[in-house]
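Let me begin by presenting the structure, written as structure tokens, before commenting on it.
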Amino acid sequence: MKFAELLRQERIRNKLSLRQLARLSGLPLSSVAKYESGEMEPTLRAAHTVFSVLGASIAVGAHSGYTPLERKVRYGNGRHAGLNH
């Protein structure tokens, strides 16, 4: 699943509008909208911030137990949803 798709899915699951997610994350609404539309990829810091607001976290790299090119989102219940680029 691509980052944009996962972001939209999680935002809707959390019953937040784009405006609410932007306000809660402290990120510009225009950036959050571009992340969700797939028009722009977030920095790792922005992705972490957004998913923290949504109750999820992101693990990337050798110390995360995943290959550097593989990104996963970990939900509070230990479930993972993959991100493919």
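So you can find residues: chains in the structure tokens are A, B, ... in the order shown, residues in each start at 1, and ligands are numbered from 1 in order.
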Open item on the list: List as a VMD selection string the protein and nucleic acid residues near A:Ser37, meaning an atom at most 12 Å away when only C-alpha atoms are counted, but skip any in the same chain fewer than 2 places from it.
Closed with: chain A and resid 2 to 9 18 30 to 35 39 to 42
TODO: Go through A:Ala46, A:Val53, A:Leu16, A:Ile58 one by one, measure the shortest atom-to-atom distance of each to A:Pro28 using only C-alpha atoms, and give the residue with the smallest value.
DONE: A:Ala46
